[in-house]
Structures are given as structure tokens and as C-alpha cells.
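Trainee: This is the content of target_32.txt (compact mmCIF, C-alpha atoms):
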```
# COMPACT_ATOMS: atom_id res chain seq x y z
CA MET A 1 -43.46 24.12 25.26
CA ALA A 2 -46.01 22.22 27.37
CA MET A 3 -49.50 21.90 25.97
CA LYS A 4 -51.97 24.54 27.13
CA PHE A 5 -55.65 24.13 27.91
CA GLY A 6 -58.80 26.08 27.17
CA VAL A 7 -62.36 25.71 28.44
CA SER A 8 -65.56 25.63 26.40
CA LEU A 9 -68.02 27.79 28.33
CA PRO A 10 -71.64 26.84 29.11
CA GLN A 11 -73.45 29.25 26.81
CA GLY A 12 -76.76 27.47 26.38
CA TRP A 13 -76.20 26.10 22.88
CA THR A 14 -75.87 22.48 24.02
CA MET A 15 -78.66 22.85 26.61
CA ASP A 16 -75.99 23.26 29.29
CA LEU A 17 -77.90 26.11 30.97
CA ALA A 18 -81.34 24.53 30.59
CA GLY A 19 -81.82 24.03 34.31
CA ILE A 20 -81.50 27.77 35.01
CA LYS A 21 -84.70 29.68 34.25
CA ASP A 22 -83.59 33.20 35.16
CA PRO A 23 -81.49 34.58 32.24
CA ILE A 24 -79.49 36.81 34.59
CA GLU A 25 -78.61 33.82 36.74
CA ALA A 26 -77.73 31.86 33.59
CA TYR A 27 -75.33 34.58 32.45
CA GLU A 28 -73.75 34.90 35.88
CA THR A 29 -73.29 31.12 35.98
CA MET A 30 -71.49 31.24 32.63
CA THR A 31 -69.24 34.10 33.62
CA ARG A 32 -68.35 32.39 36.92
CA VAL A 33 -67.03 29.47 34.88
CA ALA A 34 -64.87 31.88 32.86
CA GLN A 35 -63.62 33.47 36.07
CA ALA A 36 -62.82 30.06 37.56
CA ALA A 37 -60.79 29.19 34.45
CA ASP A 38 -59.08 32.57 34.76
CA GLU A 39 -58.11 31.85 38.35
CA THR A 40 -56.98 28.23 37.99
CA GLY A 41 -54.41 28.45 35.20
CA TYR A 42 -56.29 27.73 31.97
CA GLU A 43 -54.97 29.52 28.90
CA SER A 44 -58.28 30.40 27.27
CA VAL A 45 -62.07 30.30 27.33
CA TRP A 46 -64.22 29.79 24.23
CA LEU A 47 -67.69 30.66 23.00
CA VAL A 48 -69.71 29.25 20.12
CA ASP A 49 -71.50 31.45 17.58
CA HIS A 50 -75.02 30.02 17.50
CA PHE A 51 -78.54 31.32 18.00
CA HIS A 52 -80.53 28.10 18.50
CA THR A 53 -79.88 25.10 20.73
CA ILE A 54 -78.87 21.63 19.60
CA PRO A 55 -79.69 18.80 19.05
CA GLN A 56 -83.09 20.47 18.50
CA PRO A 57 -83.99 24.18 18.42
CA SER A 58 -85.73 25.08 21.66
CA GLN A 59 -86.80 28.06 23.76
CA GLU A 60 -83.83 27.60 26.11
CA VAL A 61 -81.38 30.47 26.57
CA THR A 62 -78.48 30.75 24.10
CA PHE A 63 -76.28 33.81 24.65
CA GLU A 64 -75.07 35.68 21.57
CA CYS A 65 -71.37 35.18 20.92
CA TRP A 66 -69.86 38.63 20.41
CA THR A 67 -71.77 40.60 23.02
CA THR A 68 -70.82 37.83 25.45
CA THR A 69 -67.19 38.02 24.33
CA ALA A 70 -67.20 41.74 25.14
CA ALA A 71 -68.72 41.14 28.56
CA LEU A 72 -66.22 38.41 29.40
CA ALA A 73 -63.41 40.76 28.40
CA ARG A 74 -64.39 42.84 31.43
CA ASP A 75 -65.37 39.96 33.72
CA THR A 76 -61.93 38.28 33.49
CA LYS A 77 -58.38 39.49 33.98
CA ARG A 78 -55.82 37.04 32.53
CA VAL A 79 -57.37 34.30 30.40
CA ARG A 80 -57.62 34.69 26.61
CA ILE A 81 -61.13 34.83 25.11
CA GLY A 82 -62.03 33.31 21.76
CA GLN A 83 -64.82 32.08 19.49
CA MET A 84 -65.06 28.50 18.30
CA VAL A 85 -65.84 29.95 15.81
CA SER A 86 -67.57 33.09 14.53
CA CYS A 87 -69.90 32.27 11.64
CA ASN A 88 -68.85 34.40 8.70
CA GLY A 89 -72.36 34.45 7.28
CA TYR A 90 -73.88 36.24 10.26
CA ARG A 91 -71.99 39.56 10.11
CA ASN A 92 -70.37 41.79 7.52
CA PRO A 93 -66.62 41.11 7.87
CA ALA A 94 -65.64 44.79 7.98
CA LEU A 95 -68.04 45.33 10.88
CA LEU A 96 -66.82 42.13 12.53
CA ALA A 97 -63.23 43.34 12.28
CA LYS A 98 -64.29 46.61 13.95
CA MET A 99 -66.07 44.70 16.72
CA ALA A 100 -63.00 42.53 17.30
CA SER A 101 -60.69 45.53 17.43
CA THR A 102 -62.87 47.07 20.11
CA VAL A 103 -63.01 43.85 22.14
CA ASP A 104 -59.23 43.46 21.92
CA VAL A 105 -58.92 46.84 23.62
CA LEU A 106 -61.61 45.99 26.20
CA SER A 107 -59.67 42.83 27.09
CA HIS A 108 -56.29 44.60 27.12
CA GLY A 109 -55.10 42.39 24.26
CA ARG A 110 -56.54 38.99 25.20
CA LEU A 111 -58.73 38.28 22.17
CA ASN A 112 -58.42 35.18 20.01
CA PHE A 113 -60.42 35.79 16.82
CA GLY A 114 -62.00 32.57 15.55
CA ILE A 115 -63.85 32.39 12.25
CA GLY A 116 -65.31 29.73 9.99
CA ALA A 117 -67.60 29.31 6.99
CA GLY A 118 -70.70 28.37 9.02
CA TRP A 119 -72.85 25.26 8.77
CA TYR A 120 -76.07 25.41 10.84
CA GLU A 121 -78.61 25.78 8.02
CA HIS A 122 -81.58 25.98 10.37
CA GLU A 123 -80.20 29.13 12.03
CA TYR A 124 -79.37 30.81 8.75
CA LYS A 125 -82.89 30.38 7.44
CA ALA A 126 -84.61 31.17 10.73
CA TYR A 127 -82.79 34.49 10.95
CA GLY A 128 -83.32 35.34 7.29
CA TYR A 129 -79.77 34.79 6.03
CA ASP A 130 -79.07 33.23 2.65
CA TYR A 131 -77.52 29.77 2.94
CA PRO A 132 -75.24 29.19 -0.06
CA ASP A 133 -73.76 25.75 -0.70
CA ALA A 134 -70.53 24.82 1.05
CA PRO A 135 -68.13 25.79 -1.78
CA GLU A 136 -69.68 29.26 -1.99
CA ARG A 137 -69.64 29.71 1.80
CA LEU A 138 -65.92 28.98 1.64
CA ARG A 139 -65.47 31.55 -1.12
CA TYR A 140 -67.21 34.08 1.11
CA LEU A 141 -64.86 33.10 3.94
CA ARG A 142 -61.75 33.54 1.80
CA GLU A 143 -62.75 37.10 0.95
CA ALA A 144 -63.88 37.86 4.49
CA VAL A 145 -60.52 36.95 6.00
CA GLN A 146 -58.80 39.30 3.56
CA VAL A 147 -61.25 42.09 4.43
CA ILE A 148 -60.61 41.58 8.16
CA LEU A 149 -56.85 41.68 7.72
CA ALA A 150 -57.17 44.86 5.66
CA MET A 151 -59.25 46.44 8.41
CA TRP A 152 -56.58 45.54 10.96
CA THR A 153 -53.53 46.61 8.96
CA GLN A 154 -54.46 49.46 6.59
CA GLU A 155 -55.16 53.05 7.62
CA GLU A 156 -58.00 53.21 5.12
CA ALA A 157 -58.92 49.67 4.17
CA VAL A 158 -59.60 48.89 0.52
CA TYR A 159 -60.81 45.57 -0.84
CA GLU A 160 -62.67 44.77 -4.05
CA GLY A 161 -64.00 41.24 -4.20
CA LYS A 162 -66.93 39.39 -5.67
CA TYR A 163 -68.77 39.22 -2.35
CA TYR A 164 -67.34 42.09 -0.30
CA GLN A 165 -66.17 45.60 -1.10
CA VAL A 166 -64.45 47.97 1.33
CA ARG A 167 -63.61 51.45 0.09
CA GLY A 168 -61.56 53.53 2.46
CA ALA A 169 -62.90 52.11 5.74
CA ILE A 170 -61.22 53.60 8.82
CA ASN A 171 -60.94 51.29 11.81
CA GLN A 172 -59.60 52.91 14.95
CA PRO A 173 -58.54 51.57 17.32
CA LYS A 174 -57.20 48.52 15.51
CA GLY A 175 -56.74 46.58 18.73
CA VAL A 176 -53.82 46.05 21.08
CA GLN A 177 -52.01 42.98 19.76
CA LYS A 178 -49.26 43.27 17.15
CA PRO A 179 -48.98 42.84 14.24
CA HIS A 180 -52.73 42.21 14.61
CA ILE A 181 -55.25 40.15 16.55
CA PRO A 182 -54.51 36.45 15.93
CA ILE A 183 -56.91 34.74 13.52
CA LEU A 184 -57.98 31.15 14.17
CA ILE A 185 -59.63 29.52 11.17
CA GLY A 186 -61.79 26.58 12.22
CA GLY A 187 -62.59 23.52 10.15
CA GLY A 188 -60.92 20.53 8.58
CA GLY A 189 -61.63 20.73 4.85
CA GLU A 190 -58.32 19.77 3.30
CA LYS A 191 -58.49 21.49 -0.09
CA VAL A 192 -59.86 24.89 0.94
CA THR A 193 -60.15 25.48 4.69
CA LEU A 194 -56.73 24.15 5.66
CA LYS A 195 -55.17 26.02 2.74
CA LEU A 196 -56.77 29.21 4.10
CA VAL A 197 -55.09 28.42 7.43
CA ALA A 198 -51.72 28.23 5.68
CA GLN A 199 -52.35 31.44 3.76
CA TYR A 200 -53.96 33.64 6.39
CA GLY A 201 -54.36 31.91 9.75
CA ASP A 202 -52.38 32.37 12.92
CA ALA A 203 -54.08 29.31 14.43
CA CYS A 204 -56.24 26.35 13.44
CA ASN A 205 -58.71 24.06 15.16
CA VAL A 206 -59.29 20.57 13.82
CA GLY A 207 -61.43 17.72 15.12
CA GLY A 208 -61.59 13.95 15.08
CA ASP A 209 -59.55 11.18 16.62
CA LEU A 210 -55.79 11.42 17.06
CA ALA A 211 -55.01 9.89 13.68
CA THR A 212 -57.32 12.38 11.97
CA ILE A 213 -55.85 15.33 13.86
CA LYS A 214 -52.32 14.31 12.96
CA HIS A 215 -53.33 13.89 9.32
CA LYS A 216 -54.95 17.34 9.21
CA PHE A 217 -51.80 18.91 10.64
CA ASP A 218 -49.76 17.16 7.97
CA VAL A 219 -52.06 18.63 5.32
CA ILE A 220 -51.52 22.11 6.79
CA ARG A 221 -47.78 21.49 6.68
CA GLN A 222 -48.01 20.62 2.99
CA HIS A 223 -50.06 23.75 2.27
CA CYS A 224 -47.50 25.83 4.17
CA GLU A 225 -44.73 24.43 2.00
CA SER A 226 -46.68 25.28 -1.16
CA VAL A 227 -47.32 28.91 -0.11
CA GLY A 228 -43.94 29.52 1.53
CA ARG A 229 -45.25 29.68 5.10
CA ASP A 230 -43.47 28.52 8.27
CA TYR A 231 -45.67 25.68 9.56
CA ASN A 232 -44.45 26.25 13.11
CA SER A 233 -45.85 29.79 13.06
CA ILE A 234 -49.39 28.33 13.14
CA HIS A 235 -50.81 27.63 16.61
CA ARG A 236 -52.39 24.18 16.45
CA THR A 237 -55.48 23.47 18.56
CA ALA A 238 -58.08 20.75 18.96
CA SER A 239 -61.10 20.12 21.17
CA ALA A 240 -62.05 17.17 23.36
CA VAL A 241 -64.69 16.20 25.89
CA CYS A 242 -62.99 15.62 29.26
CA VAL A 243 -64.52 13.28 31.82
CA ILE A 244 -62.21 13.23 34.84
CA GLY A 245 -62.56 11.76 38.33
CA GLU A 246 -60.61 10.23 41.20
CA THR A 247 -61.59 6.86 39.74
CA GLU A 248 -62.95 5.90 36.35
CA GLU A 249 -66.30 5.11 37.96
CA LYS A 250 -66.49 8.56 39.53
CA ALA A 251 -65.51 10.11 36.23
CA LEU A 252 -68.27 8.33 34.32
CA ALA A 253 -70.76 9.25 37.05
CA THR A 254 -70.34 12.91 36.07
CA ILE A 255 -72.10 12.27 32.75
CA PRO A 256 -75.90 12.45 33.09
CA ALA A 257 -77.98 10.58 30.54
CA ALA A 258 -79.01 13.84 28.88
CA THR A 259 -75.36 14.80 28.53
CA ARG A 260 -74.54 11.49 26.89
CA ALA A 261 -77.20 12.20 24.29
CA ARG A 262 -75.93 15.76 23.84
CA PHE A 263 -72.32 14.76 23.26
CA GLY A 264 -73.09 11.77 21.05
CA ASP A 265 -70.12 10.71 18.93
CA ARG A 266 -67.75 13.08 20.71
CA LEU A 267 -67.67 10.73 23.69
CA GLN A 268 -65.89 8.16 21.51
CA ASN A 269 -62.81 10.40 21.42
CA ALA A 270 -63.22 11.77 24.94
CA LEU A 271 -60.57 11.97 27.62
CA VAL A 272 -61.99 9.65 30.27
CA GLY A 273 -60.61 8.43 33.57
CA THR A 274 -58.31 9.33 36.42
CA PRO A 275 -55.71 12.08 36.24
CA ASP A 276 -53.00 9.51 35.50
CA THR A 277 -55.04 8.00 32.67
CA ILE A 278 -55.82 11.39 31.18
CA ARG A 279 -52.21 12.51 31.53
CA LYS A 280 -51.21 9.65 29.22
CA GLN A 281 -53.96 10.59 26.75
CA LEU A 282 -52.81 14.21 26.77
CA ALA A 283 -49.29 13.08 25.94
CA GLU A 284 -50.70 11.43 22.81
CA TYR A 285 -52.39 14.67 21.78
CA GLU A 286 -49.15 16.55 22.28
CA ALA A 287 -47.24 13.96 20.27
CA ALA A 288 -49.77 14.42 17.46
CA GLY A 289 -48.87 18.12 17.36
CA VAL A 290 -51.62 19.71 19.45
CA GLN A 291 -50.36 22.81 21.26
CA GLU A 292 -53.61 23.82 22.94
CA LEU A 293 -56.57 21.60 23.78
CA MET A 294 -60.04 23.08 24.32
CA LEU A 295 -61.81 21.03 26.99
CA ILE A 296 -65.55 20.39 27.10
CA PHE A 297 -66.56 19.27 30.59
CA PRO A 298 -69.81 17.30 31.11
CA ASP A 299 -70.59 19.25 34.31
CA PRO A 300 -69.66 22.79 33.21
CA THR A 301 -71.86 24.75 35.60
CA THR A 302 -70.71 22.98 38.80
CA MET A 303 -67.05 23.49 37.83
CA ASN A 304 -66.05 20.34 39.76
CA SER A 305 -64.30 18.79 36.76
CA LEU A 306 -62.78 22.11 35.72
CA ARG A 307 -61.22 22.63 39.13
CA PHE A 308 -60.12 19.00 39.54
CA PHE A 309 -58.42 19.00 36.11
CA ALA A 310 -56.63 22.26 36.94
CA LYS A 311 -55.45 20.93 40.31
CA GLU A 312 -54.13 17.68 38.89
CA LEU A 313 -52.96 18.53 35.38
CA ILE A 314 -52.17 22.22 35.00
CA GLY A 315 -48.71 22.95 36.33
```
Translate the structure described by the file into C-alpha cells.
Mentor:
Amino acid sequence: MAMKFGVSLPQGWTMDLAGIKDPIEAYETMTRVAQAADETGYESVWLVDHFHTIPQPSQEVTFECWTTTAALARDTKRVRIGQMVSCNGYRNPALLAKMASTVDVLSHGRLNFGIGAGWYEHEYKAYGYDYPDAPERLRYLREAVQVILAMWTQEEAVYEGKYYQVRGAINQPKGVQKPHIPILIGGGGEKVTLKLVAQYGDACNVGGDLATIKHKFDVIRQHCESVGRDYNSIHRTASAVCVIGETEEKALATIPAATRARFGDRLQNALVGTPDTIRKQLAEYEAAGVQELMLIFPDPTTMNSLRFFAKELIG
């Protein structure tokens, strides 16, 4: 199967809507990008789950993840809609499962459910959430995934854990997709996170250079063997900045100085160059085991790169 492509939407988190002062115009700009991806052959569009901008918190707009997911479910027709990824610490998992079930119906079965342990300490504390250490956040995540699956598969969900308890929760409708909405577990921690992928995930998302991505997939394969899971049943995804142009010079010209600062280290592993150059780079991702690549364009609101990539590289 040929590799598929998703688009990271301009949501405000990385200051990608900072030039738009009217919040209505900012939202409509974001949704037009989703609609363009929908119309040009991309497989998916993705939202982050953050409240404050990076690299520094600011007063710039940052649209909330799940209300935006619901809106995009009605603004688009074909493309799948996912989170990269929902922060488990921000919502009770039983409620989150209910929200996802509703959105799956709103989208007519196009939801990808992404979840992770969370990491942005500043947001946690600003919004009044406790911020446990990383091992405990992962323990919360392990229980949360089990709660969510119970909410999607049991008529009256029951779960008794250390952190979460569900006692006869009814969740109707449970969504459209069968056997349930696919769960993507984000992160690359080899001992815990990638084992959770093998135990409970339908998809994963790992980062880094090609060697790192391949290594992480190998770790997932080993975990699958230890828990008796078919490795090939897990949809394997990664993310990459994509800087494309008719020439390499034109490609690089699409990256403003502010964008270079925003992307930082991610530019080191970016797809950069002409369609032919990027086609060769994509082949390396596919050889490493990536089945779907989420693209981050440096000019997301103009959609020039999005449309050019689709024209040249999406068959």
C-alpha cells in the first residue's frame, strides 16, 4: 500500500495564525486549510491539544482541540480528522470517550482518536491541573486508555483503577466505526508508551530522524511479540516538516525567519527541495515502515505548499 499523507492544521499553537487579528477570520482560515486537504487527496488532518502558544505563551489565538475537531467534522466531507494528540491530563477519560463517540457520528465515521500522557507543564499549572512526574502521567494514561475502550465496547462500562473509576457508565451512541474508533497513542518512550501501543493502540506516532523512527518501530514489534499482538495491525505514522518548491531555492524561500525559529530542530529532519528530491526522501520513510506521514508546511495559511505537494506527489 502506498504511503498516505496528513496535514497539520494552523491552529495558532505555533503562532501560525498570529497575523490574523479577527478570531472568526482565524478560524475560517484554519478550516479552509482542512477543506483544501479534503479536496486535494490528503488522507487526514490533525490538531494539537494545547492552550498556550509556543515557544513562549502569548495572547495570540489558540483554538481548543476537541471543539475544533467537532467543527471540522461538519466543515469537511472525506478527510479523516485526528488529534496529535489529546492530552490525557486535561479531561476525564470517560467524558473524553463520550466526546469522541459523538464526534465520530458527526463526522460519519472519520475520527482518528489520538491520545498521549501530556508534557506542557506551563499549561497544566496555568489551568490549575496537577502535573505529576512522567512515570505517574504514564500510569494515568494506561488506565485512561482502558477506560476509553470500556466506554466504547461495554453497554455499561465498569473500570476500577487507582486513578479512574467508572461504575455503570452508559455511552450511546458509541460512534460509527467498528469494532471501535481507532486509538493512536503518541510518543516514543520505549518501556511504557510503545508497550501501550502494542497492548491497546490501533496506531502510533513516533518522531526523530529515519534511524530513530525505524528503531522505535522495531521496539513496537518486539512488544507485539511479547503480548501476542500482530505488529502489522498497528498503523504506523510519523510527522515531518515539508518545504517544497519548483527549485530548492524557491522551497527555502517559503520559510520566513520567524518560522525557522518556530520549527527549530525539526528543520534538521525536514523534507526539503523539489518534488523529485522529496519523492526520494518519502521512499526512505516508507522503507523505514511509515505508512502515513503527517506534513507540517511552513506556509500553512496560504496553502501554496499544500496544493503543490498534492499536485506533484499525491496520486
Trainee: Each residue of region 59-150 of chain A with at least one atom at most 12 Å from region 172-188 of chain A should appear once, together with its nearest atom pair and the corresponding distance in Å (one decimal); atoms considered: all atoms listed in the file; ordering: chain, then increasing residue number; output as a tab-separated table.
Mentor:
```
residue	atom	partner	partner_atom	distance
A:Arg80	CA	A:Pro182	CA	11.3
A:Ile81	CA	A:Pro182	CA	11.4
A:Gly82	CA	A:Leu184	CA	8.9
A:Gln83	CA	A:Leu184	CA	8.7
A:Met84	CA	A:Gly186	CA	7.2
A:Val85	CA	A:Gly186	CA	6.4
A:Ser86	CA	A:Gly186	CA	9.0
A:Cys87	CA	A:Gly186	CA	9.9
A:Asn88	CA	A:Ile185	CA	10.7
A:Ala94	CA	A:Lys174	CA	11.9
A:Leu96	CA	A:Lys174	CA	11.9
A:Ala97	CA	A:Lys174	CA	8.6
A:Lys98	CA	A:Lys174	CA	7.5
A:Met99	CA	A:Gly175	CA	9.7
A:Ala100	CA	A:Gly175	CA	7.6
A:Ser101	CA	A:Gly175	CA	4.3
A:Thr102	CA	A:Gly175	CA	6.3
A:Val103	CA	A:Gly175	CA	7.6
A:Asp104	CA	A:Gly175	CA	5.1
A:Val105	CA	A:Gly175	CA	5.4
A:Leu106	CA	A:Gly175	CA	8.9
A:Ser107	CA	A:Val176	CA	9.0
A:His108	CA	A:Val176	CA	6.7
A:Gly109	CA	A:Val176	CA	5.0
A:Arg110	CA	A:Gln177	CA	8.1
A:Leu111	CA	A:Ile181	CA	6.9
A:Asn112	CA	A:Pro182	CA	5.8
A:Phe113	CA	A:Ile183	CA	4.9
A:Gly114	CA	A:Leu184	CA	4.5
A:Ile115	CA	A:Ile185	CA	5.2
A:Gly116	CA	A:Gly186	CA	5.2
A:Ala117	CA	A:Gly186	CA	8.3
A:Gly118	CA	A:Gly187	CA	9.5
A:Trp119	CA	A:Gly187	CA	10.5
A:Leu138	CA	A:Gly187	CA	10.6
A:Leu141	CA	A:Ile185	CA	9.6
A:Arg142	CA	A:Ile185	CA	10.4
A:Ala144	CA	A:Ile185	CA	11.5
A:Val145	CA	A:Ile183	CA	8.6
A:Gln146	CA	A:Ile183	CA	11.1
A:Ile148	CA	A:Ile183	CA	9.4
A:Leu149	CA	A:His180	CA	8.0
A:Ala150	CA	A:His180	CA	10.3
```
Trainee: Between A:Val166, A:Gln268, A:Phe297, A:Ala34, single out the one closest to Arg74 (chain A), counting all atoms listed in the file.
Mentor: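 Nearest to Arg74 (chain A): A:Ala34.
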Trainee: Around (-57.2, 26.2, 11.8) in the file's frame, which residues reach within 10 Å when counting all atoms listed in the file? Return as a ChimeraX atom specification?
Mentor: /A:114-116,183-189,193-198,200-206,216-217,220,234-238
Trainee: Between CA of Glu286 (chain A) and CA of Val243 (chain A), measure the distance and give it in Å to one decimal.
Mentor: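 A separation of 18.4 Å between them.
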Trainee: Which polymer residues, whether protein, DNA or RNA, lie within 9 Å of the coordinate (-74.3, 36.7, 11.7) when you count only C-alpha atoms? List them as a list in words, using the chain letters and numbers from the file.
Mentor: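 I get Asp49, His50, Ser86, Cys87, Asn88, Gly89, Tyr90, Arg91, Asn92, Tyr124, Tyr127 and Tyr129 of chain A for the residues within 9 Å of that point.
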Trainee: Identify, on the basis of only C-alpha atoms, every residue whose closest approach to Leu72 (chain A) does not exceed 7 Å; exclude the query and any residue fewer than 4 positions from it along the same chain; express the result as an MDAnalysis selection string.
Mentor: chainID A and resid 31 68 76
